[in-house]
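A.B. asks: Hey, dropping coords-v4.cif in here, mmCIF, C-alpha atoms and all ligand atoms:
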data_target
#
loop_
_atom_site.label_atom_id
_atom_site.label_comp_id
_atom_site.auth_asym_id
_atom_site.auth_seq_id
_atom_site.Cartn_x
_atom_site.Cartn_y
_atom_site.Cartn_z
CA MET A 1 -25.14 -31.71 -8.49
CA THR A 2 -23.78 -32.28 -11.99
CA THR A 3 -23.82 -35.47 -14.00
CA ALA A 4 -20.62 -34.64 -15.73
CA GLU A 5 -18.53 -36.48 -18.21
CA PRO A 6 -14.75 -36.66 -18.03
CA GLY A 7 -13.21 -33.78 -19.91
CA HIS A 8 -16.02 -31.31 -19.18
CA ALA A 9 -14.86 -27.85 -18.24
CA GLU A 10 -16.59 -27.48 -14.86
CA PRO A 11 -14.89 -28.21 -11.54
CA MET A 12 -16.51 -30.83 -9.33
CA ILE A 13 -16.32 -30.66 -5.54
CA ALA A 14 -16.35 -33.86 -3.49
CA PRO A 15 -16.56 -33.27 0.27
CA SER A 16 -14.92 -36.06 2.26
CA ILE A 17 -17.06 -37.44 5.07
CA LEU A 18 -13.87 -38.48 6.85
CA SER A 19 -14.11 -35.03 8.45
CA ALA A 20 -17.84 -35.30 9.15
CA ASP A 21 -19.64 -36.53 12.29
CA PHE A 22 -19.89 -40.30 11.74
CA ALA A 23 -22.91 -40.55 14.05
CA ARG A 24 -24.88 -38.17 11.80
CA LEU A 25 -23.82 -39.14 8.29
CA ALA A 26 -27.20 -38.57 6.64
CA ASP A 27 -27.37 -35.01 8.01
CA GLU A 28 -23.75 -34.40 7.06
CA ALA A 29 -24.52 -35.50 3.49
CA ASP A 30 -27.55 -33.17 3.45
CA ALA A 31 -25.32 -30.30 4.56
CA VAL A 32 -23.41 -30.59 1.26
CA GLY A 33 -26.35 -31.26 -1.06
CA ASN A 34 -24.84 -28.70 -3.47
CA ALA A 35 -21.72 -30.85 -3.94
CA ASP A 36 -21.05 -32.95 -7.03
CA TRP A 37 -19.87 -36.17 -5.40
CA LEU A 38 -19.71 -37.29 -1.77
CA HIS A 39 -16.25 -38.72 -1.08
CA VAL A 40 -16.26 -41.81 1.13
CA ASP A 41 -12.89 -42.95 2.48
CA VAL A 42 -12.76 -46.69 3.14
CA MET A 43 -9.70 -47.65 5.22
CA ASP A 44 -8.82 -51.09 6.52
CA ALA A 45 -5.98 -50.46 9.02
CA HIS A 46 -3.69 -52.51 6.71
CA PHE A 47 -3.15 -50.57 3.51
CA VAL A 48 -3.23 -47.42 5.66
CA PRO A 49 -2.83 -47.19 9.43
CA ASN A 50 -6.38 -45.99 9.99
CA LEU A 51 -9.79 -47.68 10.10
CA THR A 52 -13.04 -46.11 8.92
CA LEU A 53 -16.06 -47.80 7.39
CA GLY A 54 -17.07 -50.45 4.90
CA LEU A 55 -19.86 -51.85 2.76
CA PRO A 56 -22.77 -51.68 5.24
CA VAL A 57 -22.21 -47.96 5.78
CA VAL A 58 -21.90 -47.31 2.05
CA LYS A 59 -25.17 -49.16 1.43
CA SER A 60 -26.94 -47.09 4.10
CA LEU A 61 -25.46 -43.82 2.84
CA HIS A 62 -26.61 -44.63 -0.68
CA ARG A 63 -30.16 -44.94 0.64
CA ALA A 64 -29.81 -41.75 2.68
CA THR A 65 -28.57 -39.33 0.00
CA ASP A 66 -29.03 -38.49 -3.66
CA LEU A 67 -25.39 -37.44 -3.97
CA PRO A 68 -23.26 -39.73 -6.12
CA LEU A 69 -20.91 -41.64 -3.81
CA ASP A 70 -17.22 -41.45 -4.65
CA CYS A 71 -15.71 -44.40 -2.78
CA HIS A 72 -11.97 -44.20 -2.22
CA LEU A 73 -10.75 -47.64 -1.18
CA MET A 74 -7.56 -47.51 0.86
CA ILE A 75 -7.58 -51.25 1.43
CA ASP A 76 -5.58 -54.37 0.70
CA ASP A 77 -7.00 -56.79 -1.87
CA PRO A 78 -9.17 -54.29 -3.76
CA ASP A 79 -9.54 -56.90 -6.53
CA ARG A 80 -11.75 -58.86 -4.12
CA TRP A 81 -13.75 -55.95 -2.69
CA ALA A 82 -14.02 -53.09 -5.18
CA PRO A 83 -16.86 -54.50 -7.33
CA ASP A 84 -18.98 -54.94 -4.18
CA TYR A 85 -18.82 -51.17 -3.61
CA ALA A 86 -20.20 -50.63 -7.10
CA GLN A 87 -23.00 -53.05 -6.29
CA ALA A 88 -23.60 -51.20 -3.01
CA GLY A 89 -24.50 -48.14 -5.07
CA ALA A 90 -21.26 -46.16 -5.40
CA ALA A 91 -21.12 -43.97 -8.50
CA ASN A 92 -17.34 -44.11 -8.67
CA VAL A 93 -15.10 -46.74 -7.08
CA THR A 94 -11.42 -45.86 -6.81
CA PHE A 95 -8.76 -48.26 -5.57
CA HIS A 96 -5.00 -47.97 -5.19
CA VAL A 97 -2.65 -49.27 -7.86
CA GLU A 98 -0.14 -50.11 -5.11
CA ALA A 99 -2.58 -52.64 -3.62
CA ALA A 100 -4.05 -54.18 -6.76
CA ARG A 101 -3.05 -57.50 -8.33
CA ASP A 102 -4.92 -57.11 -11.64
CA ALA A 103 -6.03 -53.49 -11.85
CA ALA A 104 -7.43 -53.79 -15.39
CA ALA A 105 -9.64 -56.76 -14.51
CA THR A 106 -10.84 -54.99 -11.38
CA ALA A 107 -11.69 -51.86 -13.37
CA ARG A 108 -13.74 -54.00 -15.76
CA ALA A 109 -15.55 -55.66 -12.86
CA ILE A 110 -16.38 -52.25 -11.34
CA ARG A 111 -17.73 -50.99 -14.66
CA ALA A 112 -19.69 -54.19 -15.20
CA ALA A 113 -21.33 -53.58 -11.82
CA GLY A 114 -22.44 -50.15 -13.02
CA ALA A 115 -19.97 -47.68 -11.54
CA LEU A 116 -17.14 -45.57 -12.84
CA ALA A 117 -13.72 -47.07 -12.15
CA GLY A 118 -10.96 -45.04 -10.53
CA LEU A 119 -7.27 -45.63 -10.00
CA SER A 120 -5.36 -43.87 -7.24
CA VAL A 121 -1.65 -43.23 -6.80
CA LYS A 122 0.09 -42.38 -3.54
CA PRO A 123 2.45 -39.39 -3.54
CA ALA A 124 5.58 -41.48 -4.18
CA THR A 125 4.03 -43.60 -6.95
CA PRO A 126 4.94 -42.45 -10.46
CA LEU A 127 2.29 -42.20 -13.14
CA GLU A 128 4.28 -43.07 -16.27
CA PRO A 129 4.09 -46.89 -15.83
CA TYR A 130 0.28 -46.70 -15.71
CA LEU A 131 -0.53 -44.45 -18.66
CA GLU A 132 -1.72 -47.39 -20.79
CA LEU A 133 -3.55 -49.05 -17.89
CA LEU A 134 -5.47 -45.81 -17.32
CA ARG A 135 -7.32 -46.36 -20.59
CA GLU A 136 -9.42 -48.86 -18.60
CA PHE A 137 -10.44 -46.16 -16.10
CA ASP A 138 -12.79 -43.19 -15.77
CA THR A 139 -11.06 -41.46 -12.88
CA LEU A 140 -7.47 -40.90 -11.80
CA LEU A 141 -7.11 -39.92 -8.14
CA VAL A 142 -3.78 -38.25 -7.44
CA MET A 143 -3.13 -38.24 -3.70
CA THR A 144 -1.86 -34.86 -2.57
CA VAL A 145 -1.13 -36.20 0.96
CA GLU A 146 -0.10 -39.62 2.28
CA PRO A 147 -3.39 -41.53 2.47
CA GLY A 148 -4.76 -42.30 5.92
CA PHE A 149 -5.80 -39.12 7.64
CA GLY A 150 -7.59 -35.85 7.04
CA GLY A 151 -6.20 -32.46 7.87
CA GLN A 152 -2.71 -32.93 6.42
CA ARG A 153 -0.66 -30.47 4.40
CA PHE A 154 -1.08 -30.35 0.62
CA MET A 155 1.97 -31.70 -1.29
CA ALA A 156 2.47 -29.44 -4.30
CA ASP A 157 5.34 -31.62 -5.55
CA VAL A 158 2.87 -34.23 -6.86
CA LEU A 159 1.27 -31.75 -9.27
CA PRO A 160 3.45 -32.81 -12.22
CA LYS A 161 1.41 -36.04 -12.20
CA VAL A 162 -1.78 -34.01 -12.52
CA ARG A 163 -0.24 -32.08 -15.42
CA LEU A 164 0.87 -35.30 -17.13
CA ALA A 165 -2.61 -36.82 -16.81
CA ARG A 166 -4.25 -33.63 -18.11
CA ASP A 167 -1.89 -33.62 -21.12
CA HIS A 168 -2.97 -37.16 -21.97
CA VAL A 169 -6.64 -36.19 -21.63
CA ARG A 170 -6.14 -33.13 -23.84
CA SER A 171 -4.41 -35.21 -26.50
CA GLY A 172 -7.28 -37.70 -26.45
CA HIS A 173 -5.12 -40.60 -25.26
CA LEU A 174 -7.05 -40.79 -21.97
CA ARG A 175 -10.61 -39.93 -21.04
CA LEU A 176 -10.58 -39.34 -17.31
CA PHE A 177 -11.66 -37.25 -14.41
CA VAL A 178 -8.46 -36.00 -12.79
CA GLU A 179 -9.14 -35.87 -9.07
CA VAL A 180 -6.96 -34.57 -6.25
CA ASP A 181 -7.34 -35.57 -2.61
CA GLY A 182 -5.65 -34.20 0.49
CA GLY A 183 -5.02 -30.75 1.87
CA ILE A 184 -7.35 -29.02 -0.59
CA ASP A 185 -8.56 -25.60 0.56
CA GLU A 186 -9.29 -22.24 -1.07
CA ASP A 187 -5.56 -21.62 -1.52
CA THR A 188 -4.25 -25.00 -2.65
CA ILE A 189 -7.20 -25.65 -4.98
CA VAL A 190 -5.82 -22.93 -7.27
CA ALA A 191 -2.56 -24.76 -7.95
CA ALA A 192 -4.40 -28.07 -8.38
CA ALA A 193 -6.87 -26.56 -10.84
CA GLU A 194 -4.13 -24.80 -12.80
CA ALA A 195 -2.28 -28.12 -13.06
CA GLY A 196 -5.37 -29.67 -14.63
CA ALA A 197 -7.42 -31.30 -11.89
CA ASP A 198 -11.19 -31.18 -12.33
CA VAL A 199 -12.46 -33.06 -9.26
CA PHE A 200 -11.47 -31.75 -5.86
CA VAL A 201 -11.87 -33.70 -2.62
CA ALA A 202 -12.00 -31.57 0.51
CA GLY A 203 -12.56 -32.90 4.02
CA SER A 204 -11.52 -30.48 6.70
CA ALA A 205 -11.93 -27.41 4.46
CA VAL A 206 -15.63 -28.29 4.10
CA TYR A 207 -16.67 -29.91 7.36
CA ASP A 208 -14.58 -27.78 9.70
CA ALA A 209 -16.18 -24.69 8.13
CA GLY A 210 -19.17 -23.21 9.91
CA GLU A 211 -21.39 -23.80 6.89
CA PRO A 212 -20.23 -26.78 4.81
CA GLY A 213 -22.52 -25.94 1.87
CA ARG A 214 -21.06 -22.46 1.57
CA ALA A 215 -17.55 -23.90 1.72
CA VAL A 216 -18.43 -26.14 -1.25
CA ASP A 217 -19.64 -23.16 -3.27
CA ALA A 218 -16.57 -21.13 -2.36
CA LEU A 219 -14.19 -23.90 -3.39
CA ARG A 220 -16.05 -24.38 -6.68
CA ALA A 221 -15.91 -20.66 -7.46
CA VAL A 222 -12.15 -20.47 -6.83
CA ALA A 223 -11.50 -23.63 -8.88
CA ARG A 224 -13.67 -22.36 -11.74
CA ARG A 225 -11.72 -19.11 -11.92
CA ALA A 226 -8.40 -20.96 -11.91
CA MET A 227 -9.57 -23.40 -14.62
CA ARG A 228 -10.89 -20.58 -16.83
CA ALA A 229 -7.67 -18.60 -16.49
CA HIS A 230 -5.79 -21.57 -17.85
C1 LIG B 1 -6.98 -39.09 3.25
C2 LIG B 1 -8.30 -39.17 2.56
C3 LIG B 1 -8.87 -37.87 2.20
C4 LIG B 1 -9.16 -36.95 3.39
C5 LIG B 1 -8.92 -35.55 2.93
O1 LIG B 1 -6.36 -40.31 3.18
O2 LIG B 1 -8.19 -39.91 1.35
O3 LIG B 1 -10.05 -38.02 1.42
O4 LIG B 1 -10.45 -37.05 3.88
O5 LIG B 1 -9.05 -34.70 4.01
P1 LIG B 1 -8.48 -33.20 3.98
O6 LIG B 1 -9.24 -32.50 2.90
O7 LIG B 1 -8.77 -32.69 5.34
O8 LIG B 1 -7.02 -33.31 3.66
ZN ZN B 2 -9.92 -39.91 0.00
#
For the file at hand, write its structure as structure tokens.
C.D. replies:
Amino acid sequence: MTTAEPGHAEPMIAPSILSADFARLADEADAVGNADWLHVDVMDAHFVPNLTLGLPVVKSLHRATDLPLDCHLMIDDPDRWAPDYAQAGAANVTFHVEAARDAAATARAIRAAGALAGLSVKPATPLEPYLELLREFDTLLVMTVEPGFGGQRFMADVLPKVRLARDHVRSGHLRLFVEVDGGIDEDTIVAAAEAGADVFVAGSAVYDAGEPGRAVDALRAVARRAMRAH
């Protein structure tokens, strides 16, 4: 586990428990104890057509693992709910700009509750309108699939947004983790890392592997090579 700062040069791997066995979440977290963050997908069957878990499960997971929890809220009305996830122990709380009413105020409330604040954009959502808003955030989560389900195909056509965010981090305008989520495996992680991502969510590529911990190490090694070569 690393306690990294945005802009550090090391890749971070965040296994998504969406692909884990929900009846054995503590064991599934243990299986990826070498990860950097544990990615927790919260879905409400409104913002996305799928339903997963909420605050009680996040609170229990926080007690069950030392891994920093990376909560990805795919829910309506994140302004109301996001700070509660910070209070529940999440290390990073990311919500969707498409669902937020006052994203800056919500980011401040998340930070005031002690977590990093993240903003996520769906594949069709452009980044340019939010480049100033992102100064209120610690994490940008660029969706590389339509949010809602694991196991989908990586959308390389969103990578220009990753490049744009990385340019703004390099210039000092933004100070952010640049995270990608959806369809990340040992092949697609190369393009994402070359584009400038530094946090990589992987669900099926980790939990469908025979040994999830080894899959985390393998993804990190490939990402590190791609980041160094760039
Ligand atoms: C999808 C979720 C992802 C999902 C990724 O909406 O946000 O975190 O778990 O799963 P894979 O890595 O299988 O695409
Ligand atoms: Zn996610």
A.B. asks: Using all atoms listed in the file, find the one residue out of A:Val178, A:Val48, A:Leu38, A:Ala218 that sits nearest to Ala205 in chain A.
C.D. replies: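 Result for the nearest residue to Ala205 in chain A: A:Ala218.
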A.B. asks: If I take CA of Ala31 in chain A and CA of Phe200 in chain A, how far is one from the other in Å, to one decimal?
C.D. replies: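 It comes out at 17.4 Å.
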A.B. asks: Could you write out as JSON the box around range 8-23 of chain A (axis-aligned, all atoms listed in the file, 6 Å on each side), with centre and edge lengths in Å to one decimal?
C.D. replies:
{"center_x": -18.4, "center_y": -34.0, "center_z": -2.6, "size_x": 21.0, "size_y": 25.1, "size_z": 45.2}
A.B. asks: Let me see if you get this right: every residue at most 6 Å from ligand LIG 1 (chain B), counting all atoms listed in the file, written as a list of chain:residue names.
C.D. replies: A:Ser16, A:Leu18, A:Asp41, A:Pro147, A:Gly148, A:Phe149, A:Gly150, A:Gly151, A:Gln152, A:Asp181, A:Gly182, A:Gly183, A:Ile184, A:Ala202, A:Gly203, A:Ser204, A:Ala205
A.B. asks: Of the residues A:Ala209, A:Ala45, A:Val145, A:Ala86, which is the one nearest to ligand ZN 2 (chain B), using only C-alpha atoms and all ligand atoms?
C.D. replies: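 Among A:Ala209, A:Ala45, A:Val145, A:Ala86, it is A:Val145 that comes nearest to ligand ZN 2 (chain B).
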A.B. asks: Considering only C-alpha atoms, return as a count of residues only whatever protein or nucleic-acid residues lie within 8 Å of range 12-14 of chain A, sequence-local ones (same chain, fewer than 3 positions apart) excluded.
C.D. replies: 15
A.B. asks: Which value, in Å to one decimal, gives the distance between CA of Phe95 in chain A and CA of Lys161 in chain A?
C.D. replies: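 For CA of Phe95 in chain A relative to CA of Lys161 in chain A, the distance reads 17.2 Å.
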A.B. asks: Quick check, in Å to one decimal: how far apart do CA of Thr125 in chain A and CA of Pro49 in chain A lie?
C.D. replies: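 Value for the CA of Thr125 in chain A-CA of Pro49 in chain A distance: 18.1 Å.
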A.B. asks: Please determine, counting only C-alpha atoms and all ligand atoms, which residue among A:Val142, A:Ala99, A:Ala9, A:Ala112 has the shortest atom-to-atom distance to ligand ZN 2 (chain B).
C.D. replies: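 The answer is A:Val142, which sits nearest to ligand ZN 2 (chain B).
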A.B. asks: Ranking A:Val40, A:Ile110, A:Val180, A:Ala100 by minimum distance to Lys59 in chain A and counting only C-alpha atoms, which one comes first?
C.D. replies: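 Of the candidates, the smallest distance to Lys59 in chain A is held by A:Val40.
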A.B. asks: Step by step: start from the point (-6.0, -31.8, -9.8) in the file's coordinates, keep every protein, DNA or RNA residue that has an atom no farther than 10 Å from it, count all atoms listed in the file, and write the set as a short mmCIF file (atom, residue, chain, number, x, y, z; two decimals) with C-alpha atoms, in the coordinates of the input.
C.D. replies:
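New file selection-v1.cif:
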data_model
loop_
_atom_site.label_atom_id
_atom_site.label_comp_id
_atom_site.auth_asym_id
_atom_site.auth_seq_id
_atom_site.Cartn_x
_atom_site.Cartn_y
_atom_site.Cartn_z
CA PRO A 11 -14.89 -28.21 -11.54
CA LEU A 140 -7.47 -40.90 -11.80
CA LEU A 141 -7.11 -39.92 -8.14
CA VAL A 142 -3.78 -38.25 -7.44
CA MET A 143 -3.13 -38.24 -3.70
CA THR A 144 -1.86 -34.86 -2.57
CA VAL A 158 2.87 -34.23 -6.86
CA LEU A 159 1.27 -31.75 -9.27
CA PRO A 160 3.45 -32.81 -12.22
CA LYS A 161 1.41 -36.04 -12.20
CA VAL A 162 -1.78 -34.01 -12.52
CA ARG A 163 -0.24 -32.08 -15.42
CA ALA A 165 -2.61 -36.82 -16.81
CA ARG A 166 -4.25 -33.63 -18.11
CA PHE A 177 -11.66 -37.25 -14.41
CA VAL A 178 -8.46 -36.00 -12.79
CA GLU A 179 -9.14 -35.87 -9.07
CA VAL A 180 -6.96 -34.57 -6.25
CA ASP A 181 -7.34 -35.57 -2.61
CA ILE A 184 -7.35 -29.02 -0.59
CA ILE A 189 -7.20 -25.65 -4.98
CA VAL A 190 -5.82 -22.93 -7.27
CA ALA A 191 -2.56 -24.76 -7.95
CA ALA A 192 -4.40 -28.07 -8.38
CA ALA A 193 -6.87 -26.56 -10.84
CA GLU A 194 -4.13 -24.80 -12.80
CA ALA A 195 -2.28 -28.12 -13.06
CA GLY A 196 -5.37 -29.67 -14.63
CA ALA A 197 -7.42 -31.30 -11.89
CA ASP A 198 -11.19 -31.18 -12.33
CA VAL A 199 -12.46 -33.06 -9.26
CA PHE A 200 -11.47 -31.75 -5.86
CA VAL A 201 -11.87 -33.70 -2.62
CA ALA A 223 -11.50 -23.63 -8.88
#
A.B. asks: Around the point (1.4, -44.0, -3.3), in the coordinates given by the file, pick out the residues reaching within 9 Å, counting all atoms listed in the file, and return them as a PyMOL selection string.
C.D. replies: chain A and resi 96-98+120-126+142-143+146-147
A.B. asks: With all atoms listed in the file as the atoms that count, which of A:Met43, A:Gly210, A:His72, A:Ala29 lies nearest to ligand ZN 2 (chain B)?
C.D. replies: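 Looking only at the distances to ligand ZN 2 (chain B), the closest residue turns out to be A:His72.
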A.B. asks: Can you work out which one of A:Trp81, A:Cys71, A:Glu5, A:Val57 has the shortest atom-to-atom distance to ligand ZN 2 (chain B), counting all atoms listed in the file?
C.D. replies: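 Checking each of A:Trp81, A:Cys71, A:Glu5, A:Val57 against ligand ZN 2 (chain B), counting all atoms listed in the file, the winner is A:Cys71.
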A.B. asks: Which neighbours of Ala103 in chain A fall inside 12 Å, counting only C-alpha atoms, when residues of the same chain fewer than 6 positions from it are skipped, and could you give them as a PyMOL selection string?
C.D. replies: chain A and resi 77-80+82-83+94-97+109-110+117-120+130+132-137
A.B. asks: Produce a file of the selected residues containing C-alpha atoms, as a PDB file, in the frame of the given file.
C.D. replies:
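Written file, result13.pdb:
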ATOM      1  CA  ASP A  77      -7.000 -56.790  -1.870  1.00  0.00           C
ATOM      2  CA  PRO A  78      -9.170 -54.290  -3.760  1.00  0.00           C
ATOM      3  CA  ASP A  79      -9.540 -56.900  -6.530  1.00  0.00           C
ATOM      4  CA  ARG A  80     -11.750 -58.860  -4.120  1.00  0.00           C
ATOM      5  CA  ALA A  82     -14.020 -53.090  -5.180  1.00  0.00           C
ATOM      6  CA  PRO A  83     -16.860 -54.500  -7.330  1.00  0.00           C
ATOM      7  CA  THR A  94     -11.420 -45.860  -6.810  1.00  0.00           C
ATOM      8  CA  PHE A  95      -8.760 -48.260  -5.570  1.00  0.00           C
ATOM      9  CA  HIS A  96      -5.000 -47.970  -5.190  1.00  0.00           C
ATOM     10  CA  VAL A  97      -2.650 -49.270  -7.860  1.00  0.00           C
ATOM     11  CA  ALA A 109     -15.550 -55.660 -12.860  1.00  0.00           C
ATOM     12  CA  ILE A 110     -16.380 -52.250 -11.340  1.00  0.00           C
ATOM     13  CA  ALA A 117     -13.720 -47.070 -12.150  1.00  0.00           C
ATOM     14  CA  GLY A 118     -10.960 -45.040 -10.530  1.00  0.00           C
ATOM     15  CA  LEU A 119      -7.270 -45.630 -10.000  1.00  0.00           C
ATOM     16  CA  SER A 120      -5.360 -43.870  -7.240  1.00  0.00           C
ATOM     17  CA  TYR A 130       0.280 -46.700 -15.710  1.00  0.00           C
ATOM     18  CA  GLU A 132      -1.720 -47.390 -20.790  1.00  0.00           C
ATOM     19  CA  LEU A 133      -3.550 -49.050 -17.890  1.00  0.00           C
ATOM     20  CA  LEU A 134      -5.470 -45.810 -17.320  1.00  0.00           C
ATOM     21  CA  ARG A 135      -7.320 -46.360 -20.590  1.00  0.00           C
ATOM     22  CA  GLU A 136      -9.420 -48.860 -18.600  1.00  0.00           C
ATOM     23  CA  PHE A 137     -10.440 -46.160 -16.100  1.00  0.00           C
TER      24      PHE A 137
END
